[in-house]
Amino acid sequence: MNKNLAIYIEEDYIIAAICPLRDKFELIKKRGNSIFPLYFLIDNISQKIDYGIAYKAEYKKQKEKGSINKIIVGDFINKITSKEKYKWHNYDNDIIMLLNYIKDDIKDAYFYLFRNKFEEQLDESNKIPLFLAFSDNIKPQSREILQNFFRRNNFSIEKQKDSPAELIAKFYLIRNKIPADNKKIAVIEAISNNLNISLVNFYNGYDHERYCFKSFPGYGNNPKVQVIAQKIVDDLNKQSGLLNSEKQKEEEYERHKELASKIVREIEQNYRPYINIKSNFLCAKTNNLETNIDVNEINKLTAAYIRQVSNFFEYHFLEKENIAAENLDKIILVGDNIIQDLVTKEFSRFGNNKLYLIHNNQIENILVPLFADVYTEKSAEESSINEALIIAKELKAGTAITLNNYDSRAGKGKSLQKLLSLGNSRFEIKQSTRSLMPGDIAISLSPVWAVGIQIDFEIIRAGKKIGKFRTRAVQKIDIETK
């Protein structure tokens, strides 16, 4: 029985897993959640320390308002390299000590799973053998502090993999039983704040090397969020002239991303051609500012932004290594921020069969190759790697499509839509287990379809638009061409 624990550390969270037997990959969870967020509450009133994703938003507000009795610690990975302390019971403590609360929960779950699920009673005084992987966004100094933390706390680090790109590419090849000799795979990852691009070369079985890497700080956000945040700040600053330096602008771009995210959701849920924005700048918070943004302009700016990224990938990143895009075996997009309709449509120009997607909630697959000899394939339903992407407008008239969908939430479950393509992204509904009716016309608002995503349609019934329809996450797409 394999007793190793695997841990992957991202900028603002940790995930962990065990794989005692070949077919028994198990995520470490707390109250059903496999994400251990690196946001901490230090409450000197109720004398408690806690961690959770809920404190992320509070941390951003705290940076503006300040607090004395309740302190939220965020930006954890960077702060562990500073001299910053937190006070607890009148003693100063290094920030890294907050990690004890997550470490204890992971250890408790580790021993519980072995004891209760695998009937293996482990000696808790022995060192825990640890496979450790880091995000590319974590700097060497922070990695060293984290490694020393685990060593001091009765872990024995047996394997380290610094590149998630290598792990993602290797997982894809193993999962799909693809021979790894002489394979070139590009991994474009935007799990956190940075956009990271890697080239991984496989040779001699699964031996591999990452021979090219480039990181773009701050470009890992949803492209539309990035564009809207910059547009708001630039427009407001044209009115007010309050921001006099690039540093101030960059800080406000970051500060306005939360507002930009809300606007993106608003546009998706209730389309309007113009949206009124009210905001302010930190340097003059009482000075209320107002502007309007043109949604069509935002879409054009977003498309231009994405084209700039893909052009850099093709003409600078690949060209520097004397590699043509057509010679890549696969291009893997990683992270919800980059798996957007406009992005997948842009990158599909390199070939629909080359492009594969991994969502944030499937990043656990990074941990699977760490177990190497006890690698387990996950079920097809849990697989994060999509089959070839489908361009909706390219489906010829007369093509029959079946969308098999699934939502794990209570009361949801499986659903099915059978469509007949009318050409140019228009479809006739033939069967639906949800609210659609045979004869309805569905206009695809999602230019690219793939397993793992939800597809949006505009529905026309009896010649009248009745609203938008969003599928549950697609599990399988069956296509039958006449």
# chains A, B, ... in the order shown; residues from 1 in each chain; ligands from 1
>>> residues_around(residues="Lys476 (chain A)", least_positions_apart="4", cutoff="7 Å", atoms="only C-alpha atoms", output="list in words")
Leu403, Asn404 and Val451 of chain A
>>> write_last_selection(atoms="N, CA and C atoms", output="compact mmCIF listing (two decimals), in the first residue's frame")
# COMPACT_ATOMS: atom_id res chain seq x y z
N LEU A 403 -26.54 16.48 -27.03
CA LEU A 403 -25.76 17.01 -25.92
C LEU A 403 -26.16 16.29 -24.65
N ASN A 404 -25.24 15.51 -24.09
CA ASN A 404 -25.46 14.85 -22.81
C ASN A 404 -24.84 15.72 -21.72
N VAL A 451 -16.60 19.34 -24.24
CA VAL A 451 -16.92 18.65 -23.00
C VAL A 451 -16.42 19.47 -21.83
>>> residues_around(residues="Tyr39 (chain A)", least_positions_apart="3", cutoff="12 Å", atoms="only C-alpha atoms", output="tab-separated table (two decimals) with C-alpha atoms, in the first residue's frame")
chain	number	residue	atom	x	y	z
A	11	GLU	CA	-0.67	31.17	-4.94
A	12	ASP	CA	-3.80	31.19	-2.82
A	13	TYR	CA	-4.73	27.59	-2.08
A	14	ILE	CA	-3.44	24.05	-1.45
A	35	ILE	CA	-9.50	23.32	-1.68
A	36	PHE	CA	-7.57	24.63	1.33
A	42	ILE	CA	-7.09	36.21	13.16
A	49	ILE	CA	-7.86	31.59	13.97
A	50	ASP	CA	-9.67	30.24	10.93
A	51	TYR	CA	-9.11	29.97	7.18
A	52	GLY	CA	-11.44	29.89	4.19
A	53	ILE	CA	-12.29	31.30	0.77
A	54	ALA	CA	-14.84	33.66	2.36
A	55	TYR	CA	-11.97	35.69	3.79
A	56	LYS	CA	-10.62	36.53	0.32
A	57	ALA	CA	-13.19	39.28	-0.29
A	58	GLU	CA	-12.80	40.50	3.29
A	59	TYR	CA	-9.04	40.72	2.81
A	60	LYS	CA	-9.47	43.08	-0.16
A	71	ILE	CA	-7.16	40.75	10.87
A	72	ILE	CA	-7.35	38.92	7.55
A	73	VAL	CA	-4.07	37.59	6.20
A	74	GLY	CA	-3.97	37.16	2.42
A	75	ASP	CA	-1.15	37.24	-0.14
A	76	PHE	CA	0.20	34.47	2.10
A	77	ILE	CA	2.86	33.07	-0.24
A	79	LYS	CA	4.22	37.40	3.05
A	95	ILE	CA	3.26	34.32	9.02
A	98	LEU	CA	-0.62	30.09	10.10
A	99	LEU	CA	-0.06	27.14	7.77
A	101	TYR	CA	-4.01	25.11	10.77
A	102	ILE	CA	-4.19	23.74	7.23
>>> residues_around(residues="Leu173 (chain A)", least_positions_apart="6", cutoff="9 Å", atoms="only C-alpha atoms", output="list in words")
Pro179, Ala180 and Tyr206 of chain A
>>> closest_residue(among="A:Ala450, A:Leu420, A:Ile263, A:Leu328", to="Pro438 (chain A)", atoms="only C-alpha atoms")
A:Leu420
>>> residues_around(residues="Arg472 (chain A)", least_positions_apart="4", cutoff="10 Å", atoms="only C-alpha atoms", output="PyMOL selection string")
chain A and resi 403-408+412-416+452-456
>>> write_last_selection(atoms="C-alpha atoms", output="mmCIF file, in the first residue's frame")
data_model
loop_
_atom_site.group_PDB
_atom_site.id
_atom_site.type_symbol
_atom_site.label_atom_id
_atom_site.label_comp_id
_atom_site.auth_asym_id
_atom_site.auth_seq_id
_atom_site.Cartn_x
_atom_site.Cartn_y
_atom_site.Cartn_z
ATOM 1 C CA LEU A 403 -25.756 17.013 -25.924
ATOM 2 C CA ASN A 404 -25.463 14.846 -22.811
ATOM 3 C CA ASN A 405 -25.225 17.131 -19.787
ATOM 4 C CA TYR A 406 -24.792 16.793 -16.038
ATOM 5 C CA ASP A 407 -25.059 18.973 -12.902
ATOM 6 C CA SER A 408 -23.988 17.408 -9.591
ATOM 7 C CA LYS A 412 -30.263 18.587 -11.018
ATOM 8 C CA GLY A 413 -28.463 15.523 -12.414
ATOM 9 C CA LYS A 414 -28.396 14.410 -16.029
ATOM 10 C CA SER A 415 -30.156 16.142 -18.911
ATOM 11 C CA LEU A 416 -30.249 15.734 -22.689
ATOM 12 C CA GLY A 452 -16.858 20.276 -19.578
ATOM 13 C CA ILE A 453 -18.402 23.630 -20.503
ATOM 14 C CA GLN A 454 -21.952 25.001 -20.505
ATOM 15 C CA ILE A 455 -23.438 26.107 -23.837
ATOM 16 C CA ASP A 456 -25.617 29.209 -24.165
#
>>> decode(residues="region 453-464 of chain A", atoms="N, CA and C atoms", output="PDB file, in the first residue's frame")
ATOM      1  N   ILE A 453     -17.907  22.268 -20.572  1.00  0.00           N
ATOM      2  CA  ILE A 453     -18.402  23.630 -20.503  1.00  0.00           C
ATOM      3  C   ILE A 453     -19.925  23.643 -20.621  1.00  0.00           C
ATOM      4  N   GLN A 454     -20.526  24.788 -20.295  1.00  0.00           N
ATOM      5  CA  GLN A 454     -21.952  25.001 -20.505  1.00  0.00           C
ATOM      6  C   GLN A 454     -22.132  25.776 -21.805  1.00  0.00           C
ATOM      7  N   ILE A 455     -23.204  25.479 -22.539  1.00  0.00           N
ATOM      8  CA  ILE A 455     -23.438  26.107 -23.837  1.00  0.00           C
ATOM      9  C   ILE A 455     -24.661  27.006 -23.729  1.00  0.00           C
ATOM     10  N   ASP A 456     -24.523  28.238 -24.221  1.00  0.00           N
ATOM     11  CA  ASP A 456     -25.617  29.209 -24.165  1.00  0.00           C
ATOM     12  C   ASP A 456     -26.339  29.296 -25.516  1.00  0.00           C
ATOM     13  N   PHE A 457     -27.672  29.388 -25.452  1.00  0.00           N
ATOM     14  CA  PHE A 457     -28.497  29.535 -26.650  1.00  0.00           C
ATOM     15  C   PHE A 457     -29.496  30.680 -26.462  1.00  0.00           C
ATOM     16  N   GLU A 458     -29.851  31.350 -27.562  1.00  0.00           N
ATOM     17  CA  GLU A 458     -31.012  32.230 -27.612  1.00  0.00           C
ATOM     18  C   GLU A 458     -32.155  31.388 -28.183  1.00  0.00           C
ATOM     19  N   ILE A 459     -33.326  31.344 -27.502  1.00  0.00           N
ATOM     20  CA  ILE A 459     -34.422  30.461 -27.902  1.00  0.00           C
ATOM     21  C   ILE A 459     -35.538  31.262 -28.574  1.00  0.00           C
ATOM     22  N   ILE A 460     -35.966  30.761 -29.734  1.00  0.00           N
ATOM     23  CA  ILE A 460     -37.087  31.348 -30.465  1.00  0.00           C
ATOM     24  C   ILE A 460     -38.201  30.302 -30.522  1.00  0.00           C
ATOM     25  N   ARG A 461     -39.396  30.703 -30.073  1.00  0.00           N
ATOM     26  CA  ARG A 461     -40.549  29.790 -30.066  1.00  0.00           C
ATOM     27  C   ARG A 461     -41.719  30.463 -30.804  1.00  0.00           C
ATOM     28  N   ALA A 462     -42.201  29.789 -31.800  1.00  0.00           N
ATOM     29  CA  ALA A 462     -43.316  30.324 -32.601  1.00  0.00           C
ATOM     30  C   ALA A 462     -42.986  31.707 -33.141  1.00  0.00           C
ATOM     31  N   GLY A 463     -41.736  31.869 -33.551  1.00  0.00           N
ATOM     32  CA  GLY A 463     -41.321  33.120 -34.175  1.00  0.00           C
ATOM     33  C   GLY A 463     -40.958  34.234 -33.216  1.00  0.00           C
ATOM     34  N   LYS A 464     -41.052  34.000 -31.892  1.00  0.00           N
ATOM     35  CA  LYS A 464     -40.741  35.040 -30.909  1.00  0.00           C
ATOM     36  C   LYS A 464     -39.587  34.609 -29.999  1.00  0.00           C
TER      37      LYS A 464
END
